[in-house]
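Read the structure below first, then the notes.
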Amino acid sequence: MATRAAALLASAPHREHPRRTAPPASRVATPSAAARRSFFHPAARRWGSADGVSTTTRAIGFDLGERDEDTSRGDVEALALIEDAASVLFLQDPLRHECSQAYLALLQQISLKAGPNKLFSAYGEFFRSLRRSGKASFVDVVLDEIIAGRGNPVAEAVARTGASISSVAPVDLAAVAADLDLLQRLCVSEATILKWCERAAAAASPSRRQPASWVAAASALGVREEGADVGAE
């Protein structure tokens with residue numbers, strides 16, 4: 001079963017990360033057949049290797065290439081991400097996870113240009129929730145919740161009735177494709193989030209610069225250890 005699922009996932013195309021600019025509605029791609037199979041069947045999990053993670057994320061439409069050189073204003077970016085989260089149609093369960101709630105609360109503080117006290121308090125809660133989750137990064141949390149299919153009425157209907165994915169209404173498939181785009185946009189790297197926090201604290205009055213030891217610990221968040229197993233059941 002795992003071998004067949006792996007073959008289906010490997011056949012899915014690799015999509016470009018949309019970053020902050022939403023593509024026109026006419027250009028939003030419907031997930032490929034392999035991608036839809038991997039998404040709607042909770043049994044299609046990730047395997048304990050970096051290649052397995054890469055294959056699965058491509059299959060459900062995520063491009064996790066590190067392109068977080070963005071130097072625009074963190075408060076504007078954070079507000080756009082909050083709006084992305086509020087726009088999700090079906091796949092709301094990943095956003096209810098403890099780590100997602102802490103992440104959104106941190107984005108809220110960044111968007112409001114909060115002072116260092118509130119900002120780093122929110123960052124600390126995000127840091128702790130991610131470490132408690134046992135996942136290497138926030139995107140791992142989101143991907144696991146997406147693949148599990150909990151709270152997704154389309155996935156649950158397919159699993160319950162055993163109906164073919166081709167029988168799902170086009171409007172529902174379009175909603176799933178839109179949600180995947182939104183959730184991908186939401187998953188900014190931990191390095192970028194840290195950068196936004198540091199910039200906001202430096203611009204505050206009075207300003208705040210975190211100790212080197214704190215920065216070192218925060219910089220390690222989201223960095224996968226080489227050779228570590230990830231996404232294993």
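Please note that chains go A, B, ... in the order of the structure tokens, that every chain numbers its residues from 1, and that ligands are numbered from 1 in the order shown.
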Can you tell me which residues surround Val168 of chain A at a distance of at most 10 Å, considering only C-alpha atoms, apart from same-chain residues fewer than 4 positions away, and format the answer as number ranges by chain?
A: 154-155, 157-158, 163-164, 172-173
Would you kindly return, as number ranges by chain, each protein, DNA or RNA residue with an atom no farther than 10 Å from any atom of Leu186 of chain A, considering only C-alpha atoms and excluding same-chain residues fewer than 4 positions away?
A: 19-20, 78, 80-85, 100, 103-104, 138-139, 142, 180-182
Shortest interatomic distance to Asp140 of chain A - which of A:Lys113, A:Lys118, A:Arg224, A:Arg96, counting only C-alpha atoms
A:Arg224
Run DSSP on the backbone and give me the residues of segment 112-224 of chain A it puts in helix (DSSP H, G or I), as a ChimeraX atom specification.
/A:116-133,138-148,153-161,165-167,170-186,190-203,212-219
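Nearest to Ala200 of chain A of all the residues A:Ala105, A:Ala114, A:Leu89, A:Ala216 is A:Ala114, counting only C-alpha atoms.
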Quick one: residues within 12 Å of Asp93 of chain A, only C-alpha atoms, excluding same-chain residues fewer than 5 positions away - as a PyMOL selection string?
chain A and resi 85+88+98-101+141-153+179+183
Fewer than 3 positions away in the same chain doesn't count, so skip those; otherwise give me all residues within 10 Å of Ser207 of chain A, counting only C-alpha atoms, as a list in words.
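Using only C-alpha atoms, the neighbours found are Gly115, Pro116, Glu198, Arg199, Ala200, Ala201, Ala202, Ala203 and Ala204 of chain A.
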Closest of A:Val215, A:Thr192, A:Val176, A:Glu77 to Leu91 of chain A - atom-to-atom distances counting only C-alpha atoms:
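Closest candidate: A:Val176.
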Residues within 12 Å of Leu194 of chain A, only C-alpha atoms, excluding chain neighbours under 6 positions, as a list of chain:residue names:
A:Asp68, A:Gly74, A:Tyr103, A:Leu106, A:Leu107, A:Ile110, A:Leu119, A:Phe120, A:Ala122, A:Tyr123, A:Gly124, A:Phe126, A:Phe127, A:Val188, A:Ala200, A:Ala201, A:Gln210, A:Trp214, A:Val215, A:Ala216, A:Ala217, A:Ala218, A:Ser219, A:Ala220, A:Leu221, A:Gly222
